[in-house]
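The block underneath contains the structure these notes are about, expressed in structure tokens.
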Amino acid sequence: MQSFPMLINGELVQGNRSLNVINPATEEVFQQITCADESQFEQAIGAAKAAFPQWQTVDMQTRRDNLNKLADAIEAQTGVFAELLTQEQGKPLAESTAEVGFSCAFIRYFAQSELPIETYQDDETSKIELHRKPLGVVAGVVPWNFPLMIGCFKLAPAVLAGNTFILKPPATTPLCVLKLADICQQIFPKGVVNIITDNNDLGHILSAHPDVAKVAFTGSTPTGKKIMSAASGTLKRLTLELGGNDAGIVLPDVDPKKIAPAIFATAFMNCGQVCIALKRLYVHEDIYDALVLELSELANNASVGNGLEEGVTFGPIQNKAQFIKVQEYLADAKENGVIAAGGEVLDGPGFFMRPTIVRDVTDGCKVVDEEPFGPILPVIKYKTIDDAVERANNSVFGLGGSVWSNDLDKAYDVAKRLECGTSWINQHLNFGPTVPFGGAKESGIGVEFAQEGLLEYTQVHVINIAKQTF
Ligand code: NAD
């Protein structure tokens, strides 16, 4: 057992409560750690508030240097972070290593970003400037599917813009985020970055607190709604990156054999536990059987097991509650469709399920209309493109969507009609620090990444000067 202290006001501290972290591949408690109680949430908020007046005056270059040091320190321990991530989250080691690399890439992207003063008017009579000021204390609240990367892509723009920050990982995957505590302690002045964890029960303190100016949240839509409601009392700024039920539409002109691996990878990465995974696949009737067959073959060839073992391509589902939830979607799939591949939960220990392809299923049942957030892909037959687009858009979610075709013009026309934050063509799930990312409808509010994402951590401040003397 290691100690995973939190970081509050520049001090590495143990929490006043205890928390067991379970390895989802073994179901064993592999770390017993501590977590914060309400008084420690208050201390972290107080520390961030106290550090803000000084931090907002620190020059950009110093903030950049701090972020680059953070990326360098994480990168130097890539192997340690990756192994820990696989143990707590379950994903195969190669995916964990990629997540560590992505975390560093996001930090470095924001470390080179600018917040220039924009001049709107400058003539003989007046000068009008738009400045971007920090908001104050920002809280980053993170889910369990990519805890390290999501933590890093909130921390970096927040502190670069001059805010102070509180990072809160989820209770089932707190370790990689807590491992940032001693790194951040050595880099940032006290109180600028605080890292606290809970038992998934104290996040509401951050959303309601008058001294927190913004919550940058990634997680489920129901929790996003609770945060929005709690934040209304103080008109807090919010970025909400929420659930999705992304549709992919496959036109009849593609070769099922050639396209199946790309579709399979984007539906099943991280065991399907990705907000922007492809979660409903609409396939034209001409190639339906052939594509289902190809996808099923890929599912049958998947190697399911402990992510630390070589050759494993599918780890466990991250936690027991989610494992139970996914089995409910599996039962619904069996009732409303035909299992073409997978469909089995493996004998324990471990929350394992084989990747599952569901055929002869259509809209109007849970497994198609809702977000299973697990290794299960319903494949739906369509006749006309208008029908496919209508069904794809018939969702409360609107995170991403994709169109697959050899005719790029035709695909582009379809992509434009999708009601979502990102439409991909001949790919899905492709994201990175330089491309703005956000959801439509109940998939979220606001944008992350790129300059648009950075600006969401700032307050517009106009200085309007009349060039006259009295
Ligand atoms: P969740 O909403 O249960 O929890 C996310 C975080 O919110 C955790 O840290 C939790 O402790 C905290 N939390 C819980 N209740 C809170 C409250 N009342 N106030 C403040 N914080 C609170 O989500 P999850 O189960 O960890 O993640 C899975 C969900 O996240 C899926 O729906 C998935 O689609 C979504 N997700 C979305 C994105 C995106 O960018 N859109 C990315 C990853 C995951």
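Identifiers in the structure tokens: chain A, B, ... in order shown; residue index from 1 per chain; ligand index from 1 in order shown.
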
Inset, instruction - Do a neighbour search on segment 55-71 of chain A at 10 Å with only C-alpha atoms, toss out local chain neighbours closer than 2 positions, and write the hits as a PyMOL selection string. - result: chain A and resi 48+50-53+73-76+100-101+103-115+133-136+152+155-157+159-164+180+183-184+186-192

Since we have the selection now, will you write its residues out, keeping N, CA and C atoms, as a tab-separated table (two decimals), in the first residue's frame?
chain	number	residue	atom	x	y	z
A	48	ALA	N	-7.54	28.14	-2.14
A	48	ALA	CA	-7.55	28.62	-3.53
A	48	ALA	C	-7.98	30.09	-3.57
A	50	ALA	N	-7.52	32.30	-1.19
A	50	ALA	CA	-6.43	33.13	-0.65
A	50	ALA	C	-5.28	33.28	-1.66
A	51	ALA	N	-5.07	32.25	-2.47
A	51	ALA	CA	-3.94	32.29	-3.42
A	51	ALA	C	-4.26	33.11	-4.67
A	52	PHE	N	-5.55	33.34	-4.93
A	52	PHE	CA	-5.93	33.96	-6.21
A	52	PHE	C	-5.38	35.39	-6.42
A	53	PRO	N	-5.47	36.29	-5.44
A	53	PRO	CA	-5.02	37.67	-5.73
A	53	PRO	C	-3.58	37.72	-6.22
A	73	ALA	N	7.27	16.43	-15.64
A	73	ALA	CA	7.30	15.54	-14.47
A	73	ALA	C	6.38	14.33	-14.68
A	74	ILE	N	5.22	14.56	-15.31
A	74	ILE	CA	4.32	13.42	-15.58
A	74	ILE	C	4.98	12.49	-16.60
A	75	GLU	N	5.52	13.10	-17.65
A	75	GLU	CA	6.12	12.30	-18.72
A	75	GLU	C	7.29	11.44	-18.19
A	76	ALA	N	8.05	12.03	-17.27
A	76	ALA	CA	9.20	11.29	-16.72
A	76	ALA	C	8.76	10.04	-15.96
A	100	VAL	N	-1.54	8.85	-20.61
A	100	VAL	CA	-0.50	9.68	-19.97
A	100	VAL	C	0.09	10.64	-21.01
A	101	GLY	N	0.36	10.13	-22.21
A	101	GLY	CA	0.91	10.96	-23.28
A	101	GLY	C	-0.04	12.10	-23.66
A	103	SER	N	-2.29	13.41	-21.73
A	103	SER	CA	-2.35	14.36	-20.61
A	103	SER	C	-1.25	15.40	-20.76
A	104	CYS	N	-0.04	14.94	-21.09
A	104	CYS	CA	1.10	15.85	-21.26
A	104	CYS	C	0.87	16.76	-22.47
A	105	ALA	N	0.32	16.19	-23.54
A	105	ALA	CA	0.10	16.99	-24.76
A	105	ALA	C	-0.90	18.11	-24.49
A	106	PHE	N	-1.95	17.83	-23.73
A	106	PHE	CA	-2.92	18.89	-23.41
A	106	PHE	C	-2.26	19.98	-22.57
A	107	ILE	N	-1.48	19.57	-21.58
A	107	ILE	CA	-0.84	20.58	-20.72
A	107	ILE	C	0.09	21.45	-21.57
A	108	ARG	N	0.86	20.80	-22.44
A	108	ARG	CA	1.83	21.58	-23.24
A	108	ARG	C	1.12	22.48	-24.25
A	109	TYR	N	-0.01	22.03	-24.78
A	109	TYR	CA	-0.75	22.89	-25.71
A	109	TYR	C	-1.15	24.18	-24.98
A	110	PHE	N	-1.74	24.05	-23.79
A	110	PHE	CA	-2.20	25.27	-23.10
A	110	PHE	C	-1.00	26.10	-22.63
A	111	ALA	N	0.13	25.43	-22.36
A	111	ALA	CA	1.31	26.18	-21.91
A	111	ALA	C	1.82	27.13	-22.98
A	112	GLN	N	1.47	26.88	-24.24
A	112	GLN	CA	1.94	27.81	-25.28
A	112	GLN	C	0.80	28.72	-25.79
A	113	SER	N	-0.35	28.66	-25.15
A	113	SER	CA	-1.47	29.49	-25.60
A	113	SER	C	-1.30	30.93	-25.14
A	114	GLU	N	-2.01	31.82	-25.81
A	114	GLU	CA	-1.92	33.25	-25.50
A	114	GLU	C	-3.29	33.77	-25.11
A	115	LEU	N	-3.31	34.83	-24.34
A	115	LEU	CA	-4.58	35.54	-24.07
A	115	LEU	C	-4.35	37.02	-24.39
A	133	LYS	N	-9.76	38.32	-18.26
A	133	LYS	CA	-9.29	38.20	-16.88
A	133	LYS	C	-9.67	36.84	-16.30
A	134	PRO	N	-8.91	36.37	-15.32
A	134	PRO	CA	-9.31	35.10	-14.69
A	134	PRO	C	-10.60	35.27	-13.90
A	135	LEU	N	-11.24	34.13	-13.60
A	135	LEU	CA	-12.53	34.17	-12.90
A	135	LEU	C	-12.37	34.15	-11.39
A	136	GLY	N	-11.33	33.45	-10.91
A	136	GLY	CA	-11.15	33.26	-9.47
A	136	GLY	C	-10.85	31.80	-9.18
A	152	CYS	N	-6.06	16.78	-16.24
A	152	CYS	CA	-5.01	17.65	-16.79
A	152	CYS	C	-5.58	18.66	-17.77
A	155	LEU	N	-7.05	21.40	-15.54
A	155	LEU	CA	-6.07	22.14	-14.73
A	155	LEU	C	-5.29	23.15	-15.58
A	156	ALA	N	-4.83	22.71	-16.75
A	156	ALA	CA	-3.89	23.54	-17.52
A	156	ALA	C	-4.50	24.86	-17.98
A	157	PRO	N	-5.68	24.87	-18.65
A	157	PRO	CA	-6.21	26.17	-19.06
A	157	PRO	C	-6.64	27.02	-17.87
A	159	VAL	N	-5.27	27.29	-14.78
A	159	VAL	CA	-4.19	28.04	-14.12
A	159	VAL	C	-3.45	28.94	-15.11
A	160	LEU	N	-3.40	28.54	-16.39
A	160	LEU	CA	-2.76	29.44	-17.36
A	160	LEU	C	-3.49	30.78	-17.41
A	161	ALA	N	-4.82	30.72	-17.34
A	161	ALA	CA	-5.60	31.97	-17.42
A	161	ALA	C	-5.53	32.78	-16.13
A	162	GLY	N	-4.86	32.24	-15.09
A	162	GLY	CA	-4.68	33.00	-13.86
A	162	GLY	C	-5.66	32.66	-12.75
A	163	ASN	N	-6.42	31.59	-12.95
A	163	ASN	CA	-7.32	31.12	-11.89
A	163	ASN	C	-6.55	30.23	-10.92
A	164	THR	N	-7.08	30.08	-9.72
A	164	THR	CA	-6.58	29.02	-8.83
A	164	THR	C	-7.55	27.85	-8.95
A	180	LEU	N	-0.68	13.38	-8.70
A	180	LEU	CA	-0.23	14.70	-9.15
A	180	LEU	C	0.05	15.63	-7.96
A	183	ILE	N	3.69	16.30	-7.14
A	183	ILE	CA	4.31	17.00	-8.28
A	183	ILE	C	3.88	18.47	-8.27
A	184	CYS	N	2.59	18.69	-8.10
A	184	CYS	CA	2.08	20.08	-8.11
A	184	CYS	C	2.61	20.86	-6.91
A	186	GLN	N	5.47	20.72	-5.64
A	186	GLN	CA	6.82	21.21	-5.91
A	186	GLN	C	6.85	22.31	-6.97
A	187	ILE	N	5.79	22.44	-7.75
A	187	ILE	CA	5.81	23.37	-8.89
A	187	ILE	C	5.05	24.67	-8.60
A	188	PHE	N	3.85	24.57	-8.04
A	188	PHE	CA	2.97	25.75	-7.94
A	188	PHE	C	3.06	26.38	-6.54
A	189	PRO	N	2.91	27.70	-6.46
A	189	PRO	CA	2.82	28.34	-5.14
A	189	PRO	C	1.64	27.77	-4.35
A	190	LYS	N	1.73	27.86	-3.04
A	190	LYS	CA	0.70	27.21	-2.21
A	190	LYS	C	-0.70	27.75	-2.51
A	191	GLY	N	-1.64	26.83	-2.59
A	191	GLY	CA	-3.04	27.21	-2.81
A	191	GLY	C	-3.43	27.36	-4.26
A	192	VAL	N	-2.45	27.43	-5.18
A	192	VAL	CA	-2.81	27.63	-6.60
A	192	VAL	C	-3.46	26.38	-7.16

Could you list the protein, DNA and RNA residues that have any atom within 6 Å of ligand 1, counting only C-alpha atoms and all ligand atoms, and write them as an mmCIF file with N, CA and C atoms, in the first residue's frame?
data_model
loop_
_atom_site.group_PDB
_atom_site.id
_atom_site.type_symbol
_atom_site.label_atom_id
_atom_site.label_comp_id
_atom_site.auth_asym_id
_atom_site.auth_seq_id
_atom_site.Cartn_x
_atom_site.Cartn_y
_atom_site.Cartn_z
ATOM 1 N N VAL A 141 -14.123 18.883 -11.899
ATOM 2 C CA VAL A 141 -14.727 17.637 -11.383
ATOM 3 C C VAL A 141 -14.706 16.605 -12.513
ATOM 4 N N VAL A 142 -14.188 15.434 -12.210
ATOM 5 C CA VAL A 142 -13.699 14.499 -13.222
ATOM 6 C C VAL A 142 -14.374 13.129 -13.097
ATOM 7 N N PRO A 143 -14.655 12.442 -14.222
ATOM 8 C CA PRO A 143 -15.246 11.096 -14.175
ATOM 9 C C PRO A 143 -14.169 10.001 -14.180
ATOM 10 N N TRP A 144 -14.633 8.744 -14.169
ATOM 11 C CA TRP A 144 -13.690 7.628 -13.972
ATOM 12 C C TRP A 144 -13.172 7.007 -15.266
ATOM 13 N N PRO A 169 -11.067 14.151 -8.339
ATOM 14 C CA PRO A 169 -11.308 12.931 -9.116
ATOM 15 C C PRO A 169 -12.481 12.153 -8.540
ATOM 16 N N PRO A 170 -12.972 11.134 -9.266
ATOM 17 C CA PRO A 170 -14.056 10.310 -8.736
ATOM 18 C C PRO A 170 -13.529 9.273 -7.743
ATOM 19 N N ASN A 200 -17.496 10.307 -3.771
ATOM 20 C CA ASN A 200 -18.549 10.702 -4.735
ATOM 21 C C ASN A 200 -19.738 11.345 -4.037
ATOM 22 N N GLY A 203 -19.200 16.544 -3.981
ATOM 23 C CA GLY A 203 -19.036 17.451 -5.125
ATOM 24 C C GLY A 203 -19.977 18.644 -5.075
ATOM 25 N N HIS A 204 -21.161 18.424 -4.467
ATOM 26 C CA HIS A 204 -22.144 19.523 -4.409
ATOM 27 C C HIS A 204 -21.613 20.731 -3.653
ATOM 28 N N SER A 207 -20.113 22.912 -6.254
ATOM 29 C CA SER A 207 -21.077 23.549 -7.174
ATOM 30 C C SER A 207 -21.879 24.658 -6.516
ATOM 31 N N THR A 218 -16.908 17.163 -16.111
ATOM 32 C CA THR A 218 -17.120 16.111 -17.101
ATOM 33 C C THR A 218 -17.719 14.926 -16.375
ATOM 34 N N GLY A 219 -18.824 14.420 -16.895
ATOM 35 C CA GLY A 219 -19.464 13.277 -16.252
ATOM 36 C C GLY A 219 -20.833 13.052 -16.846
ATOM 37 N N SER A 220 -21.712 12.473 -16.061
ATOM 38 C CA SER A 220 -23.012 12.071 -16.608
ATOM 39 C C SER A 220 -23.977 13.256 -16.689
ATOM 40 N N THR A 223 -25.805 14.102 -13.313
ATOM 41 C CA THR A 223 -24.978 14.882 -12.376
ATOM 42 C C THR A 223 -24.801 16.307 -12.895
ATOM 43 N N LYS A 226 -27.647 18.323 -11.803
ATOM 44 C CA LYS A 226 -27.583 18.679 -10.372
ATOM 45 C C LYS A 226 -26.616 19.849 -10.164
ATOM 46 N N ILE A 227 -25.489 19.809 -10.886
ATOM 47 C CA ILE A 227 -24.496 20.872 -10.726
ATOM 48 C C ILE A 227 -25.078 22.206 -11.197
ATOM 49 N N GLU A 241 -19.446 18.895 -19.726
ATOM 50 C CA GLU A 241 -19.211 17.900 -20.784
ATOM 51 C C GLU A 241 -19.877 16.623 -20.322
ATOM 52 N N LEU A 242 -21.003 16.276 -20.951
ATOM 53 C CA LEU A 242 -21.869 15.251 -20.350
ATOM 54 C C LEU A 242 -21.959 13.989 -21.208
ATOM 55 N N GLY A 243 -23.016 13.266 -21.032
ATOM 56 C CA GLY A 243 -23.161 11.981 -21.710
ATOM 57 C C GLY A 243 -23.410 12.125 -23.204
ATOM 58 N N GLY A 244 -23.294 11.008 -23.895
ATOM 59 C CA GLY A 244 -23.546 11.010 -25.335
ATOM 60 C C GLY A 244 -24.126 9.670 -25.764
ATOM 61 N N VAL A 274 -16.418 5.539 -23.217
ATOM 62 C CA VAL A 274 -15.908 6.804 -23.751
ATOM 63 C C VAL A 274 -17.134 7.635 -24.115
ATOM 64 N N CYS A 275 -17.130 8.902 -23.680
ATOM 65 C CA CYS A 275 -18.314 9.720 -23.959
ATOM 66 C C CYS A 275 -18.551 9.820 -25.457
#

Legend entry - Of the listed residues A:Glu95, A:Glu118, A:Glu88, A:Glu297, that which approaches Phe314 of chain A most closely, counting only C-alpha atoms: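 Of the candidates, the smallest distance to Phe314 of chain A is held by A:Glu95.
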
Inset, instruction - Work out how far apart atom CA of Thr78 of chain A and atom CA of Phe102 of chain A are and give it in Å to one decimal. - result: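 Here the two named atoms are 11.0 Å from each other.
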
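The two atoms in question, atom CA of Asp407 of chain A and atom CA of Ala290 of chain A, are spaced 19.7 Å apart.
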
Legend entry - Residues flagged strand (DSSP E or B) by DSSP in segment 182-350 of chain A, as a VMD selection string: chain A and resid 193 to 195 214 to 218 237 to 241 247 to 250 280 to 284 304 314 338 to 341 345

Inset, instruction - Would you please work out which residue, of A:Thr119, A:Thr234, A:Thr422, A:Gln89, is nearest to Thr173 of chain A when using only C-alpha atoms? - result: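 That would be A:Gln89, the residue with the smallest distance to Thr173 of chain A.
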
Pick out the residues sitting within 9 Å of Val292 of chain A, and hand them over as an mmCIF file with N, CA and C atoms, in the first residue's frame; count only C-alpha atoms, and ignore anything fewer than 4 positions along from it in its own chain.
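Contents of result-v6.cif, freshly written:
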data_model
loop_
_atom_site.group_PDB
_atom_site.id
_atom_site.type_symbol
_atom_site.label_atom_id
_atom_site.label_comp_id
_atom_site.auth_asym_id
_atom_site.auth_seq_id
_atom_site.Cartn_x
_atom_site.Cartn_y
_atom_site.Cartn_z
ATOM 1 N N PRO A 256 -17.419 -3.382 -46.467
ATOM 2 C CA PRO A 256 -17.583 -3.728 -45.042
ATOM 3 C C PRO A 256 -16.293 -4.251 -44.408
ATOM 4 N N ALA A 260 -14.753 -2.087 -41.249
ATOM 5 C CA ALA A 260 -15.118 -2.645 -39.933
ATOM 6 C C ALA A 260 -14.078 -2.359 -38.839
ATOM 7 N N ILE A 287 -25.595 -3.474 -47.189
ATOM 8 C CA ILE A 287 -24.342 -4.027 -46.639
ATOM 9 C C ILE A 287 -24.502 -4.445 -45.173
ATOM 10 N N TYR A 288 -25.733 -4.452 -44.700
ATOM 11 C CA TYR A 288 -25.991 -4.707 -43.266
ATOM 12 C C TYR A 288 -25.417 -6.058 -42.815
ATOM 13 N N SER A 296 -18.621 -8.708 -35.992
ATOM 14 C CA SER A 296 -18.723 -9.851 -35.077
ATOM 15 C C SER A 296 -17.406 -10.617 -35.026
ATOM 16 N N GLU A 297 -16.764 -10.726 -36.179
ATOM 17 C CA GLU A 297 -15.482 -11.436 -36.197
ATOM 18 C C GLU A 297 -14.448 -10.704 -35.337
ATOM 19 N N ALA A 340 -25.156 -11.008 -32.052
ATOM 20 C CA ALA A 340 -24.361 -11.540 -33.161
ATOM 21 C C ALA A 340 -22.979 -11.960 -32.699
ATOM 22 N N ILE A 357 -21.954 -7.426 -30.130
ATOM 23 C CA ILE A 357 -22.598 -6.815 -31.301
ATOM 24 C C ILE A 357 -24.059 -7.282 -31.298
ATOM 25 N N VAL A 358 -24.973 -6.319 -31.362
ATOM 26 C CA VAL A 358 -26.412 -6.640 -31.354
ATOM 27 C C VAL A 358 -26.981 -6.321 -32.732
ATOM 28 N N ARG A 359 -27.662 -7.280 -33.355
ATOM 29 C CA ARG A 359 -28.266 -7.037 -34.667
ATOM 30 C C ARG A 359 -29.800 -7.172 -34.586
ATOM 31 N N VAL A 379 -26.521 -2.502 -33.847
ATOM 32 C CA VAL A 379 -26.394 -2.194 -35.278
ATOM 33 C C VAL A 379 -27.797 -2.204 -35.874
#

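Each of A:Val212, A:Ala139, A:Leu281, A:Ala158 was compared to Tyr457 of chain A using only C-alpha atoms, and A:Ala158 turns out to be the nearest.
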
Inset, instruction - Choose the residue, out of A:Ile205, A:Ala267, A:Ala321, A:Leu240, that has the smallest atom-to-atom separation from Ala440 of chain A; count only C-alpha atoms. - result: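 Closest to Ala440 of chain A of all the choices is A:Leu240.
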
Show me, as an mmCIF file with N, CA, C and O atoms, in the first residue's frame, the residues that have an atom within 10 Å of Lys168 of chain A when counting only C-alpha atoms, minus same-chain residues fewer than 4 positions from it.
data_model
loop_
_atom_site.group_PDB
_atom_site.id
_atom_site.type_symbol
_atom_site.label_atom_id
_atom_site.label_comp_id
_atom_site.auth_asym_id
_atom_site.auth_seq_id
_atom_site.Cartn_x
_atom_site.Cartn_y
_atom_site.Cartn_z
ATOM 1 N N MET A 6 -3.615 14.123 -0.276
ATOM 2 C CA MET A 6 -4.230 15.201 -1.064
ATOM 3 C C MET A 6 -3.299 16.425 -0.978
ATOM 4 O O MET A 6 -2.321 16.425 -0.225
ATOM 5 N N PHE A 41 -12.893 20.113 2.279
ATOM 6 C CA PHE A 41 -13.357 20.811 1.066
ATOM 7 C C PHE A 41 -13.319 22.317 1.313
ATOM 8 O O PHE A 41 -12.854 23.087 0.470
ATOM 9 N N ALA A 139 -13.193 24.929 -9.998
ATOM 10 C CA ALA A 139 -13.171 23.518 -9.575
ATOM 11 C C ALA A 139 -13.284 22.631 -10.808
ATOM 12 O O ALA A 139 -14.152 22.850 -11.655
ATOM 13 N N GLY A 140 -12.410 21.642 -10.908
ATOM 14 C CA GLY A 140 -12.464 20.657 -11.988
ATOM 15 C C GLY A 140 -12.977 19.343 -11.416
ATOM 16 O O GLY A 140 -12.358 18.773 -10.507
ATOM 17 N N VAL A 141 -14.123 18.883 -11.899
ATOM 18 C CA VAL A 141 -14.727 17.637 -11.383
ATOM 19 C C VAL A 141 -14.706 16.605 -12.513
ATOM 20 O O VAL A 141 -15.166 16.864 -13.620
ATOM 21 N N VAL A 142 -14.188 15.434 -12.210
ATOM 22 C CA VAL A 142 -13.699 14.499 -13.222
ATOM 23 C C VAL A 142 -14.374 13.129 -13.097
ATOM 24 O O VAL A 142 -14.649 12.686 -11.977
ATOM 25 N N PRO A 143 -14.655 12.442 -14.222
ATOM 26 C CA PRO A 143 -15.246 11.096 -14.175
ATOM 27 C C PRO A 143 -14.169 10.001 -14.180
ATOM 28 O O PRO A 143 -12.980 10.304 -14.270
ATOM 29 N N PRO A 147 -9.524 9.591 -15.988
ATOM 30 C CA PRO A 147 -9.377 10.550 -14.884
ATOM 31 C C PRO A 147 -8.133 11.439 -15.005
ATOM 32 O O PRO A 147 -8.209 12.639 -14.730
ATOM 33 N N GLY A 151 -8.486 15.401 -15.877
ATOM 34 C CA GLY A 151 -7.964 16.286 -14.824
ATOM 35 C C GLY A 151 -6.960 17.276 -15.393
ATOM 36 O O GLY A 151 -7.013 18.475 -15.112
ATOM 37 N N PRO A 174 -9.286 7.470 -8.072
ATOM 38 C CA PRO A 174 -8.677 8.724 -7.593
ATOM 39 C C PRO A 174 -7.148 8.763 -7.676
ATOM 40 O O PRO A 174 -6.539 9.818 -7.511
ATOM 41 N N VAL A 177 -4.803 10.924 -10.229
ATOM 42 C CA VAL A 177 -4.974 12.361 -9.959
ATOM 43 C C VAL A 177 -4.288 12.719 -8.641
ATOM 44 O O VAL A 177 -3.588 13.733 -8.544
ATOM 45 N N LEU A 178 -4.457 11.862 -7.613
ATOM 46 C CA LEU A 178 -3.787 12.150 -6.336
ATOM 47 C C LEU A 178 -2.266 12.098 -6.477
ATOM 48 O O LEU A 178 -1.542 12.788 -5.764
ATOM 49 N N ASN A 194 -5.025 22.744 -5.789
ATOM 50 C CA ASN A 194 -5.416 21.900 -4.649
ATOM 51 C C ASN A 194 -6.047 20.636 -5.208
ATOM 52 O O ASN A 194 -6.804 20.699 -6.188
ATOM 53 N N ILE A 195 -5.726 19.507 -4.596
ATOM 54 C CA ILE A 195 -6.268 18.236 -5.105
ATOM 55 C C ILE A 195 -6.909 17.505 -3.933
ATOM 56 O O ILE A 195 -6.240 17.188 -2.942
ATOM 57 N N ILE A 196 -8.216 17.289 -4.065
ATOM 58 C CA ILE A 196 -8.939 16.626 -2.971
ATOM 59 C C ILE A 196 -9.809 15.532 -3.564
ATOM 60 O O ILE A 196 -10.218 15.605 -4.723
ATOM 61 N N THR A 197 -10.058 14.502 -2.775
ATOM 62 C CA THR A 197 -10.966 13.468 -3.265
ATOM 63 C C THR A 197 -12.060 13.216 -2.229
ATOM 64 O O THR A 197 -11.943 13.622 -1.080
ATOM 65 N N ASP A 198 -13.126 12.563 -2.673
ATOM 66 C CA ASP A 198 -14.264 12.306 -1.776
ATOM 67 C C ASP A 198 -14.765 10.890 -2.039
ATOM 68 O O ASP A 198 -14.084 10.091 -2.700
ATOM 69 N N ASN A 200 -17.496 10.307 -3.771
ATOM 70 C CA ASN A 200 -18.549 10.702 -4.735
ATOM 71 C C ASN A 200 -19.738 11.345 -4.037
ATOM 72 O O ASN A 200 -20.857 11.284 -4.538
ATOM 73 N N LEU A 202 -19.357 14.614 -2.061
ATOM 74 C CA LEU A 202 -19.212 15.996 -1.609
ATOM 75 C C LEU A 202 -19.042 17.005 -2.747
ATOM 76 O O LEU A 202 -18.792 18.190 -2.505
ATOM 77 N N GLY A 203 -19.200 16.544 -3.981
ATOM 78 C CA GLY A 203 -19.036 17.451 -5.125
ATOM 79 C C GLY A 203 -19.977 18.644 -5.075
ATOM 80 O O GLY A 203 -19.643 19.738 -5.529
ATOM 81 N N LEU A 206 -18.711 22.047 -3.985
ATOM 82 C CA LEU A 206 -18.027 22.890 -4.974
ATOM 83 C C LEU A 206 -19.047 23.628 -5.836
ATOM 84 O O LEU A 206 -18.888 24.809 -6.146
ATOM 85 N N PHE A 217 -16.932 20.633 -15.401
ATOM 86 C CA PHE A 217 -17.370 19.276 -15.047
ATOM 87 C C PHE A 217 -17.379 18.373 -16.270
ATOM 88 O O PHE A 217 -17.847 18.769 -17.344
#

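Atom CA of Leu454 of chain A to atom CA of Gly10 of chain A spans 24.9 Å [interatomic distance, one decimal].
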
Legend entry - Spatial neighbours of Thr434 of chain A, 8 Å, only C-alpha atoms, chain gap at least 6 places, as number ranges by chain: A: 109, 449-451

Could you write those residues out with all heavy atoms, as a PDB file, in the first residue's frame?
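Output below, filename again_2.pdb:
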ATOM      1  N   TYR A 109      -0.008  22.031 -24.776  1.00  0.00           N
ATOM      2  CA  TYR A 109      -0.752  22.892 -25.709  1.00  0.00           C
ATOM      3  C   TYR A 109      -1.153  24.182 -24.982  1.00  0.00           C
ATOM      4  O   TYR A 109      -0.926  25.287 -25.487  1.00  0.00           O
ATOM      5  CB  TYR A 109      -2.007  22.171 -26.245  1.00  0.00           C
ATOM      6  CG  TYR A 109      -2.921  23.154 -26.940  1.00  0.00           C
ATOM      7  CD1 TYR A 109      -2.634  23.581 -28.246  1.00  0.00           C
ATOM      8  CD2 TYR A 109      -4.004  23.723 -26.280  1.00  0.00           C
ATOM      9  CE1 TYR A 109      -3.426  24.536 -28.864  1.00  0.00           C
ATOM     10  CE2 TYR A 109      -4.797  24.669 -26.900  1.00  0.00           C
ATOM     11  CZ  TYR A 109      -4.508  25.070 -28.188  1.00  0.00           C
ATOM     12  OH  TYR A 109      -5.283  26.023 -28.795  1.00  0.00           O
ATOM     13  N   PHE A 449     -11.010  22.710 -24.906  1.00  0.00           N
ATOM     14  CA  PHE A 449      -9.862  22.603 -25.826  1.00  0.00           C
ATOM     15  C   PHE A 449      -9.761  23.833 -26.746  1.00  0.00           C
ATOM     16  O   PHE A 449     -10.724  24.541 -26.972  1.00  0.00           O
ATOM     17  CB  PHE A 449      -9.891  21.356 -26.714  1.00  0.00           C
ATOM     18  CG  PHE A 449     -10.263  20.074 -26.031  1.00  0.00           C
ATOM     19  CD1 PHE A 449     -10.719  18.984 -26.756  1.00  0.00           C
ATOM     20  CD2 PHE A 449     -10.157  19.928 -24.645  1.00  0.00           C
ATOM     21  CE1 PHE A 449     -11.067  17.797 -26.139  1.00  0.00           C
ATOM     22  CE2 PHE A 449     -10.500  18.739 -24.020  1.00  0.00           C
ATOM     23  CZ  PHE A 449     -10.970  17.676 -24.781  1.00  0.00           C
ATOM     24  N   ALA A 450      -8.585  23.958 -27.323  1.00  0.00           N
ATOM     25  CA  ALA A 450      -8.286  25.024 -28.273  1.00  0.00           C
ATOM     26  C   ALA A 450      -8.499  26.401 -27.608  1.00  0.00           C
ATOM     27  O   ALA A 450      -8.742  26.493 -26.400  1.00  0.00           O
ATOM     28  CB  ALA A 450      -9.123  24.872 -29.542  1.00  0.00           C
ATOM     29  N   GLN A 451      -8.392  27.451 -28.392  1.00  0.00           N
ATOM     30  CA  GLN A 451      -8.536  28.798 -27.836  1.00  0.00           C
ATOM     31  C   GLN A 451      -9.937  29.007 -27.261  1.00  0.00           C
ATOM     32  O   GLN A 451     -10.095  29.617 -26.207  1.00  0.00           O
ATOM     33  CB  GLN A 451      -8.233  29.831 -28.938  1.00  0.00           C
ATOM     34  CG  GLN A 451      -8.100  31.255 -28.430  1.00  0.00           C
ATOM     35  CD  GLN A 451      -6.870  31.465 -27.543  1.00  0.00           C
ATOM     36  OE1 GLN A 451      -5.997  30.592 -27.421  1.00  0.00           O
ATOM     37  NE2 GLN A 451      -6.795  32.610 -26.893  1.00  0.00           N
TER      38      GLN A 451
END
